[in-house]
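File shown: data.cif (mmCIF, N, CA and C atoms).
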```cif
data_input
loop_
_atom_site.label_atom_id
_atom_site.label_comp_id
_atom_site.auth_asym_id
_atom_site.auth_seq_id
_atom_site.Cartn_x
_atom_site.Cartn_y
_atom_site.Cartn_z
N PHE A 1 103.04 123.40 81.73
CA PHE A 1 103.53 122.04 81.54
C PHE A 1 105.01 122.01 81.84
N LEU A 2 105.39 121.16 82.75
CA LEU A 2 106.78 121.13 83.21
C LEU A 2 107.50 119.86 82.81
N GLY A 3 107.15 119.27 81.69
CA GLY A 3 107.74 118.00 81.30
C GLY A 3 108.84 118.11 80.26
N GLN A 4 109.73 117.13 80.31
CA GLN A 4 110.77 116.99 79.31
C GLN A 4 110.81 115.53 78.88
N LEU A 5 111.25 115.33 77.66
CA LEU A 5 111.46 113.98 77.18
C LEU A 5 112.76 113.46 77.78
N ASP A 6 112.71 112.28 78.41
CA ASP A 6 113.88 111.73 79.08
C ASP A 6 114.14 110.32 78.59
N HIS A 7 115.41 109.98 78.49
CA HIS A 7 115.81 108.60 78.20
C HIS A 7 115.85 107.86 79.54
N TYR A 8 115.00 106.87 79.71
CA TYR A 8 114.97 106.12 80.97
C TYR A 8 116.34 105.53 81.25
N ASP A 9 116.89 104.85 80.26
CA ASP A 9 118.24 104.30 80.38
C ASP A 9 119.18 105.20 79.58
N ALA A 10 119.92 106.04 80.29
CA ALA A 10 120.81 107.00 79.63
C ALA A 10 121.88 106.32 78.79
N ASN A 11 122.21 105.05 79.08
CA ASN A 11 123.21 104.31 78.30
C ASN A 11 122.78 104.10 76.86
N LEU A 12 121.48 104.08 76.61
CA LEU A 12 120.98 103.87 75.25
C LEU A 12 120.98 105.15 74.42
N LYS A 13 121.20 106.27 75.05
CA LYS A 13 121.08 107.57 74.40
C LYS A 13 122.02 107.70 73.19
N LYS A 14 123.26 107.26 73.33
CA LYS A 14 124.24 107.45 72.26
C LYS A 14 124.03 106.52 71.08
N LYS A 15 123.75 105.24 71.35
CA LYS A 15 123.66 104.27 70.26
C LYS A 15 122.24 103.99 69.79
N LYS A 16 121.28 104.10 70.71
CA LYS A 16 119.88 103.82 70.37
C LYS A 16 118.97 104.90 70.95
N GLY A 17 119.35 106.14 70.75
CA GLY A 17 118.61 107.27 71.30
C GLY A 17 117.20 107.42 70.77
N TRP A 18 116.91 106.77 69.69
CA TRP A 18 115.61 106.87 69.04
C TRP A 18 114.59 105.86 69.56
N GLU A 19 114.97 104.91 70.39
CA GLU A 19 114.04 103.85 70.83
C GLU A 19 112.92 104.42 71.69
N TRP A 20 111.70 104.32 71.18
CA TRP A 20 110.53 104.88 71.86
C TRP A 20 110.30 104.27 73.24
N LYS A 21 110.60 102.99 73.38
CA LYS A 21 110.34 102.34 74.68
C LYS A 21 111.27 102.86 75.77
N ASN A 22 112.24 103.67 75.41
CA ASN A 22 113.17 104.24 76.37
C ASN A 22 112.83 105.70 76.70
N PHE A 23 111.79 106.25 76.08
CA PHE A 23 111.40 107.64 76.30
C PHE A 23 110.25 107.76 77.29
N PHE A 24 110.37 108.73 78.17
CA PHE A 24 109.29 109.08 79.09
C PHE A 24 109.26 110.58 79.23
N VAL A 25 108.09 111.13 79.48
CA VAL A 25 107.99 112.54 79.81
C VAL A 25 108.08 112.63 81.32
N VAL A 26 109.03 113.41 81.80
CA VAL A 26 109.25 113.55 83.23
C VAL A 26 109.27 115.04 83.60
N HIS A 27 109.04 115.30 84.85
CA HIS A 27 109.07 116.67 85.36
C HIS A 27 110.46 117.26 85.06
N SER A 28 110.49 118.48 84.55
CA SER A 28 111.75 119.12 84.15
C SER A 28 112.77 119.18 85.27
N ASP A 29 112.33 119.55 86.47
CA ASP A 29 113.27 119.64 87.59
C ASP A 29 113.87 118.29 87.94
N ILE A 30 113.07 117.25 87.85
CA ILE A 30 113.58 115.92 88.15
C ILE A 30 114.63 115.53 87.11
N ASN A 31 114.34 115.80 85.86
CA ASN A 31 115.27 115.44 84.80
C ASN A 31 116.59 116.19 84.93
N VAL A 32 116.52 117.47 85.25
CA VAL A 32 117.72 118.30 85.32
C VAL A 32 118.42 118.17 86.67
N LYS A 33 117.66 118.21 87.76
CA LYS A 33 118.26 118.28 89.10
C LYS A 33 118.48 116.91 89.74
N ARG A 34 117.77 115.90 89.31
CA ARG A 34 117.88 114.59 89.96
C ARG A 34 118.51 113.54 89.06
N LYS A 35 117.80 113.21 88.00
CA LYS A 35 118.21 112.05 87.20
C LYS A 35 119.41 112.35 86.31
N GLY A 36 119.29 113.32 85.45
CA GLY A 36 120.38 113.63 84.53
C GLY A 36 120.88 112.38 83.82
N GLN A 37 122.14 112.09 83.93
CA GLN A 37 122.76 110.93 83.29
C GLN A 37 122.90 109.73 84.24
N LYS A 38 122.33 109.83 85.43
CA LYS A 38 122.47 108.74 86.40
C LYS A 38 121.85 107.46 85.87
N LYS A 39 122.47 106.36 86.23
CA LYS A 39 121.96 105.05 85.82
C LYS A 39 120.84 104.61 86.76
N VAL A 40 119.91 103.88 86.20
CA VAL A 40 118.84 103.29 87.00
C VAL A 40 119.01 101.78 86.97
N ASN A 41 118.42 101.13 87.93
CA ASN A 41 118.53 99.67 88.03
C ASN A 41 117.50 98.94 87.18
N MET A 42 116.70 99.69 86.44
CA MET A 42 115.69 99.13 85.52
C MET A 42 114.60 98.33 86.25
N ILE A 43 114.38 98.62 87.51
CA ILE A 43 113.37 97.91 88.29
C ILE A 43 112.02 98.60 88.19
N LEU A 44 112.00 99.92 88.21
CA LEU A 44 110.75 100.68 88.27
C LEU A 44 110.34 101.24 86.91
N LYS A 45 110.55 100.50 85.86
CA LYS A 45 110.18 100.93 84.51
C LYS A 45 108.72 100.57 84.28
N PRO A 46 107.85 101.55 84.28
CA PRO A 46 106.41 101.27 84.32
C PRO A 46 105.81 100.60 83.09
N ASP A 47 106.50 100.62 81.97
CA ASP A 47 105.92 99.99 80.78
C ASP A 47 106.40 98.55 80.58
N GLU A 48 107.21 98.04 81.50
CA GLU A 48 107.63 96.64 81.41
C GLU A 48 106.43 95.74 81.70
N GLU A 49 106.31 94.69 80.94
CA GLU A 49 105.16 93.80 81.06
C GLU A 49 104.99 93.23 82.47
N LYS A 50 106.08 92.91 83.12
CA LYS A 50 106.01 92.29 84.45
C LYS A 50 106.05 93.31 85.59
N TYR A 51 106.10 94.58 85.27
CA TYR A 51 106.19 95.60 86.32
C TYR A 51 104.88 95.68 87.10
N ASP A 52 105.00 95.62 88.42
CA ASP A 52 103.86 95.75 89.31
C ASP A 52 104.27 96.66 90.46
N PRO A 53 103.80 97.90 90.48
CA PRO A 53 104.23 98.81 91.54
C PRO A 53 103.88 98.31 92.94
N PHE A 54 102.82 97.52 93.06
CA PHE A 54 102.41 97.01 94.36
C PHE A 54 103.36 95.92 94.86
N TYR A 55 104.12 95.34 93.97
CA TYR A 55 105.13 94.36 94.36
C TYR A 55 106.40 95.07 94.84
N TYR A 56 106.79 96.11 94.14
CA TYR A 56 108.06 96.78 94.41
C TYR A 56 107.98 97.91 95.42
N LEU A 57 106.82 98.54 95.53
CA LEU A 57 106.72 99.77 96.30
C LEU A 57 105.66 99.72 97.40
N GLU A 58 105.84 100.60 98.35
CA GLU A 58 104.82 100.92 99.34
C GLU A 58 104.67 102.43 99.30
N TYR A 59 103.57 102.92 99.86
CA TYR A 59 103.35 104.36 99.91
C TYR A 59 102.96 104.74 101.32
N ASP A 60 103.66 105.72 101.88
CA ASP A 60 103.37 106.21 103.21
C ASP A 60 102.46 107.43 103.08
N PHE A 61 101.19 107.26 103.41
CA PHE A 61 100.22 108.34 103.25
C PHE A 61 100.52 109.53 104.18
N LYS A 62 101.15 109.28 105.31
CA LYS A 62 101.46 110.37 106.25
C LYS A 62 102.53 111.30 105.68
N THR A 63 103.54 110.73 105.04
CA THR A 63 104.64 111.54 104.49
C THR A 63 104.52 111.74 102.98
N HIS A 64 103.65 110.97 102.34
CA HIS A 64 103.46 110.98 100.88
C HIS A 64 104.76 110.61 100.15
N ASN A 65 105.46 109.64 100.73
CA ASN A 65 106.69 109.12 100.13
C ASN A 65 106.49 107.69 99.65
N PHE A 66 107.10 107.39 98.53
CA PHE A 66 107.20 106.01 98.08
C PHE A 66 108.38 105.36 98.78
N LEU A 67 108.24 104.11 99.14
CA LEU A 67 109.28 103.34 99.81
C LEU A 67 109.40 101.98 99.15
N PRO A 68 110.55 101.34 99.27
CA PRO A 68 110.64 99.96 98.78
C PRO A 68 109.72 99.06 99.61
N ASN A 69 109.15 98.09 98.97
CA ASN A 69 108.31 97.13 99.67
C ASN A 69 109.16 96.40 100.70
N ARG A 70 108.78 96.51 101.96
CA ARG A 70 109.62 95.95 103.04
C ARG A 70 109.60 94.44 103.11
N THR A 71 108.75 93.78 102.31
CA THR A 71 108.74 92.32 102.29
C THR A 71 109.79 91.74 101.34
N LEU A 72 110.41 92.60 100.55
CA LEU A 72 111.42 92.15 99.60
C LEU A 72 112.76 92.00 100.29
N GLU A 73 113.65 91.22 99.68
CA GLU A 73 114.99 91.06 100.25
C GLU A 73 115.70 92.40 100.30
N ILE A 74 116.55 92.56 101.27
CA ILE A 74 117.18 93.85 101.56
C ILE A 74 118.00 94.38 100.38
N ASN A 75 118.67 93.51 99.64
CA ASN A 75 119.46 93.93 98.49
C ASN A 75 118.56 94.55 97.42
N LEU A 76 117.40 93.94 97.18
CA LEU A 76 116.46 94.47 96.20
C LEU A 76 115.86 95.78 96.71
N GLN A 77 115.58 95.86 98.00
CA GLN A 77 115.07 97.10 98.57
C GLN A 77 116.05 98.25 98.35
N SER A 78 117.33 97.97 98.52
CA SER A 78 118.36 99.00 98.32
C SER A 78 118.36 99.51 96.88
N LYS A 79 118.25 98.59 95.92
CA LYS A 79 118.22 98.98 94.51
C LYS A 79 116.96 99.79 94.19
N ILE A 80 115.85 99.38 94.77
CA ILE A 80 114.60 100.12 94.55
C ILE A 80 114.71 101.51 95.13
N LEU A 81 115.30 101.63 96.32
CA LEU A 81 115.48 102.95 96.93
C LEU A 81 116.37 103.83 96.06
N GLU A 82 117.41 103.27 95.48
CA GLU A 82 118.26 104.02 94.55
C GLU A 82 117.43 104.55 93.39
N ASP A 83 116.58 103.69 92.82
CA ASP A 83 115.74 104.11 91.70
C ASP A 83 114.71 105.15 92.12
N ILE A 84 114.13 105.00 93.30
CA ILE A 84 113.19 106.00 93.81
C ILE A 84 113.87 107.36 93.86
N ASN A 85 115.09 107.38 94.36
CA ASN A 85 115.83 108.64 94.46
C ASN A 85 116.25 109.17 93.10
N THR A 86 116.79 108.31 92.25
CA THR A 86 117.24 108.74 90.92
C THR A 86 116.08 109.24 90.07
N LEU A 87 114.96 108.55 90.13
CA LEU A 87 113.80 108.93 89.31
C LEU A 87 113.00 110.06 89.93
N GLY A 88 113.36 110.48 91.13
CA GLY A 88 112.71 111.63 91.75
C GLY A 88 111.30 111.38 92.25
N LEU A 89 110.97 110.14 92.56
CA LEU A 89 109.61 109.85 93.03
C LEU A 89 109.29 110.59 94.32
N ASN A 90 110.31 110.86 95.12
CA ASN A 90 110.11 111.59 96.37
C ASN A 90 110.79 112.96 96.36
N PHE A 91 110.87 113.54 95.18
CA PHE A 91 111.41 114.89 95.04
C PHE A 91 110.45 115.85 95.74
N LYS A 92 110.96 116.69 96.62
CA LYS A 92 110.13 117.51 97.51
C LYS A 92 108.98 118.24 96.81
N PRO A 93 109.21 118.95 95.71
CA PRO A 93 108.06 119.62 95.07
C PRO A 93 106.98 118.63 94.59
N ILE A 94 107.40 117.43 94.18
CA ILE A 94 106.43 116.43 93.74
C ILE A 94 105.65 115.90 94.93
N ILE A 95 106.34 115.69 96.06
CA ILE A 95 105.65 115.25 97.28
C ILE A 95 104.58 116.27 97.65
N ASP A 96 104.93 117.53 97.65
CA ASP A 96 103.98 118.59 98.01
C ASP A 96 102.78 118.59 97.06
N TYR A 97 103.05 118.49 95.79
CA TYR A 97 101.99 118.49 94.77
C TYR A 97 101.09 117.27 94.94
N ARG A 98 101.70 116.10 95.16
CA ARG A 98 100.95 114.87 95.35
C ARG A 98 100.06 114.97 96.59
N LYS A 99 100.62 115.50 97.68
CA LYS A 99 99.87 115.65 98.93
C LYS A 99 98.69 116.60 98.74
N GLU A 100 98.94 117.75 98.12
CA GLU A 100 97.87 118.73 97.87
C GLU A 100 96.75 118.14 97.05
N TYR A 101 97.08 117.25 96.15
CA TYR A 101 96.07 116.65 95.28
C TYR A 101 95.34 115.50 95.96
N LEU A 102 96.09 114.61 96.61
CA LEU A 102 95.50 113.38 97.15
C LEU A 102 94.81 113.55 98.49
N LYS A 103 95.39 114.31 99.39
CA LYS A 103 94.85 114.39 100.75
C LYS A 103 93.37 114.80 100.79
N PRO A 104 92.96 115.87 100.11
CA PRO A 104 91.54 116.24 100.15
C PRO A 104 90.62 115.15 99.58
N LEU A 105 91.07 114.51 98.53
CA LEU A 105 90.27 113.46 97.90
C LEU A 105 90.10 112.27 98.84
N ILE A 106 91.18 111.86 99.46
CA ILE A 106 91.12 110.72 100.38
C ILE A 106 90.35 111.11 101.65
N ASP A 107 90.51 112.34 102.11
CA ASP A 107 89.73 112.80 103.27
C ASP A 107 88.24 112.74 103.00
N GLU A 108 87.84 113.06 101.77
CA GLU A 108 86.41 112.98 101.41
C GLU A 108 85.90 111.55 101.53
N VAL A 109 86.73 110.59 101.16
CA VAL A 109 86.34 109.18 101.30
C VAL A 109 86.31 108.81 102.78
N LEU A 110 87.33 109.20 103.52
CA LEU A 110 87.40 108.88 104.95
C LEU A 110 86.20 109.43 105.73
N HIS A 111 85.73 110.61 105.34
CA HIS A 111 84.64 111.26 106.06
C HIS A 111 83.27 110.99 105.45
N GLY A 112 83.23 110.11 104.44
CA GLY A 112 81.95 109.70 103.86
C GLY A 112 81.32 110.70 102.91
N HIS A 113 82.06 111.70 102.47
CA HIS A 113 81.52 112.68 101.52
C HIS A 113 81.56 112.16 100.08
N LYS A 114 82.42 111.19 99.84
CA LYS A 114 82.51 110.53 98.53
C LYS A 114 82.69 109.05 98.77
N THR A 115 82.17 108.28 97.85
CA THR A 115 82.45 106.84 97.89
C THR A 115 83.82 106.62 97.26
N LEU A 116 84.36 105.45 97.48
CA LEU A 116 85.64 105.12 96.88
C LEU A 116 85.54 105.18 95.36
N LYS A 117 84.44 104.69 94.80
CA LYS A 117 84.26 104.74 93.34
C LYS A 117 84.20 106.17 92.83
N GLN A 118 83.54 107.05 93.55
CA GLN A 118 83.48 108.46 93.14
C GLN A 118 84.86 109.10 93.16
N ALA A 119 85.62 108.79 94.20
CA ALA A 119 86.99 109.34 94.29
C ALA A 119 87.86 108.81 93.15
N GLN A 120 87.74 107.52 92.87
CA GLN A 120 88.52 106.93 91.78
C GLN A 120 88.14 107.55 90.44
N ALA A 121 86.86 107.84 90.25
CA ALA A 121 86.41 108.45 89.00
C ALA A 121 86.92 109.89 88.87
N ALA A 122 87.11 110.57 89.99
CA ALA A 122 87.58 111.96 89.98
C ALA A 122 89.10 112.05 89.79
N LEU A 123 89.78 110.96 89.96
CA LEU A 123 91.24 110.92 89.91
C LEU A 123 91.75 111.17 88.49
N SER A 124 92.72 112.07 88.35
CA SER A 124 93.31 112.32 87.04
C SER A 124 94.84 112.17 87.03
N LYS A 125 95.42 111.89 88.20
CA LYS A 125 96.87 111.69 88.31
C LYS A 125 97.16 111.00 89.63
N PHE A 126 98.37 110.56 89.80
CA PHE A 126 98.83 109.90 91.03
C PHE A 126 97.99 108.67 91.38
N TYR A 127 97.66 107.89 90.36
CA TYR A 127 96.82 106.70 90.55
C TYR A 127 97.44 105.70 91.52
N THR A 128 98.71 105.42 91.35
CA THR A 128 99.37 104.42 92.19
C THR A 128 99.41 104.89 93.64
N ALA A 129 99.78 106.13 93.88
CA ALA A 129 99.82 106.66 95.24
C ALA A 129 98.43 106.63 95.87
N PHE A 130 97.40 106.93 95.08
CA PHE A 130 96.04 106.90 95.59
C PHE A 130 95.65 105.48 96.01
N GLU A 131 95.86 104.53 95.11
CA GLU A 131 95.48 103.15 95.41
C GLU A 131 96.26 102.59 96.60
N MET A 132 97.53 102.92 96.69
CA MET A 132 98.33 102.46 97.83
C MET A 132 97.87 103.12 99.12
N SER A 133 97.47 104.40 99.06
CA SER A 133 96.96 105.09 100.24
C SER A 133 95.67 104.45 100.73
N ILE A 134 94.79 104.18 99.80
CA ILE A 134 93.49 103.58 100.14
C ILE A 134 93.73 102.23 100.81
N LYS A 135 94.67 101.47 100.25
CA LYS A 135 95.00 100.16 100.83
C LYS A 135 95.59 100.32 102.23
N GLU A 136 96.55 101.26 102.38
CA GLU A 136 97.20 101.49 103.68
C GLU A 136 96.19 101.91 104.74
N LEU A 137 95.21 102.71 104.33
CA LEU A 137 94.21 103.21 105.27
C LEU A 137 93.06 102.22 105.50
N GLY A 138 93.13 101.08 104.83
CA GLY A 138 92.11 100.04 105.02
C GLY A 138 90.75 100.38 104.41
N LEU A 139 90.76 101.14 103.34
CA LEU A 139 89.49 101.56 102.72
C LEU A 139 89.09 100.70 101.53
N THR A 140 89.83 99.64 101.28
CA THR A 140 89.46 98.76 100.16
C THR A 140 88.69 97.56 100.64
#
```

Would you mind giving the structure from this file in structure tokens?
Amino acid sequence: FLGQLDHYDANLKKKKGWEWKNFFVVHSDINVKRKGQKKVNMILKPDEEKYDPFYYLEYDFKTHNFLPNRTLEINLQSKILEDINTLGLNFKPIIDYRKEYLKPLIDEVLHGHKTLKQAQAALSKFYTAFEMSIKELGLT
């Protein structure tokens, strides 16, 4: 297990460090090597009621990278890209792990060895990347 408890908004750490809604378990390397005390734009906070990853993000199945949704205004895309980088969504070891996990599963659907429902039932992580890949590949 490579997770650490992280304060999503590091600014709250000193005065409201105990707030549960600000805690997430994140990959240790991302917390230490990427995010640390860096500020986030509070756009990609997954527990926010109005958060919709399909609105803010796209997923490139060829590179296994998350990207800002290109239909959004350029200023918002820039902020999303900052958050993608700060939060380590495209941190190289995570990309490799995501690819190793998703590619065989999606290939099984592409080649007819599994139905989409079977693949979804087998999924235990990377749900958003999987759903975005399926959409990008026209399998929905």

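Separating atom CA of A:Ile134 from atom N of A:Ala121 is a distance of 12.6 Å.
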
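You will find atom N of A:Pro53 at 17.5 Å from atom N of A:Ile74.
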
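Proximity of A:Ile80, A:Leu102, A:Leu67, A:Leu72 to A:Met42, computed with only C-alpha atoms, is greatest for A:Ile80.
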
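The list of residues with at least one atom within 8 Å of stretch 104-111 of chain A, based on only C-alpha atoms and without residues fewer than 5 positions apart in the same chain, reads A:Leu116, A:Ala119, A:Phe130, A:Ile134, A:Leu139.
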
(request) Name the closest residue to A:Asn65 among the candidates A:Leu81, A:Lys103, A:Leu89, A:Asp52; distances are taken between atoms, counting only N, CA and C atoms. (result) A:Leu89

(message) Neighbouring residues of A:Tyr55 were defined as those with any atom within 8 Å, considering all atoms listed in the file; residues of the same chain fewer than 2 positions away were excluded. Please report them as a PyMOL selection string.
(response) chain A and resi 51-53+57-58+68-72

Atoms to include: N, CA and C atoms. Write the selected residues as a PDB file, in the frame of the given file.
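result_30.pdb, written as the output of this step:
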```pdb
ATOM      1  N   TYR A  51     106.100  94.580  85.270  1.00  0.00           N
ATOM      2  CA  TYR A  51     106.190  95.600  86.320  1.00  0.00           C
ATOM      3  C   TYR A  51     104.880  95.680  87.100  1.00  0.00           C
ATOM      4  N   ASP A  52     105.000  95.620  88.420  1.00  0.00           N
ATOM      5  CA  ASP A  52     103.860  95.750  89.310  1.00  0.00           C
ATOM      6  C   ASP A  52     104.270  96.660  90.460  1.00  0.00           C
ATOM      7  N   PRO A  53     103.800  97.900  90.480  1.00  0.00           N
ATOM      8  CA  PRO A  53     104.230  98.810  91.540  1.00  0.00           C
ATOM      9  C   PRO A  53     103.880  98.310  92.940  1.00  0.00           C
ATOM     10  N   LEU A  57     106.820  98.540  95.530  1.00  0.00           N
ATOM     11  CA  LEU A  57     106.720  99.770  96.300  1.00  0.00           C
ATOM     12  C   LEU A  57     105.660  99.720  97.400  1.00  0.00           C
ATOM     13  N   GLU A  58     105.840 100.600  98.350  1.00  0.00           N
ATOM     14  CA  GLU A  58     104.820 100.920  99.340  1.00  0.00           C
ATOM     15  C   GLU A  58     104.670 102.430  99.300  1.00  0.00           C
ATOM     16  N   PRO A  68     110.550 101.340  99.270  1.00  0.00           N
ATOM     17  CA  PRO A  68     110.640  99.960  98.780  1.00  0.00           C
ATOM     18  C   PRO A  68     109.720  99.060  99.610  1.00  0.00           C
ATOM     19  N   ASN A  69     109.150  98.090  98.970  1.00  0.00           N
ATOM     20  CA  ASN A  69     108.310  97.130  99.670  1.00  0.00           C
ATOM     21  C   ASN A  69     109.160  96.400 100.700  1.00  0.00           C
ATOM     22  N   ARG A  70     108.780  96.510 101.960  1.00  0.00           N
ATOM     23  CA  ARG A  70     109.620  95.950 103.040  1.00  0.00           C
ATOM     24  C   ARG A  70     109.600  94.440 103.110  1.00  0.00           C
ATOM     25  N   THR A  71     108.750  93.780 102.310  1.00  0.00           N
ATOM     26  CA  THR A  71     108.740  92.320 102.290  1.00  0.00           C
ATOM     27  C   THR A  71     109.790  91.740 101.340  1.00  0.00           C
ATOM     28  N   LEU A  72     110.410  92.600 100.550  1.00  0.00           N
ATOM     29  CA  LEU A  72     111.420  92.150  99.600  1.00  0.00           C
ATOM     30  C   LEU A  72     112.760  92.000 100.290  1.00  0.00           C
TER      31      LEU A  72
END
```

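Among the candidates A:His113, A:Lys62, A:Lys99, A:Lys15, the residue lying nearest to A:Ser133 is A:Lys62 (atoms considered: only N, CA and C atoms).
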
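A straight line drawn from atom CA of A:Thr140 to atom CA of A:Gly88 is 27.9 Å long.
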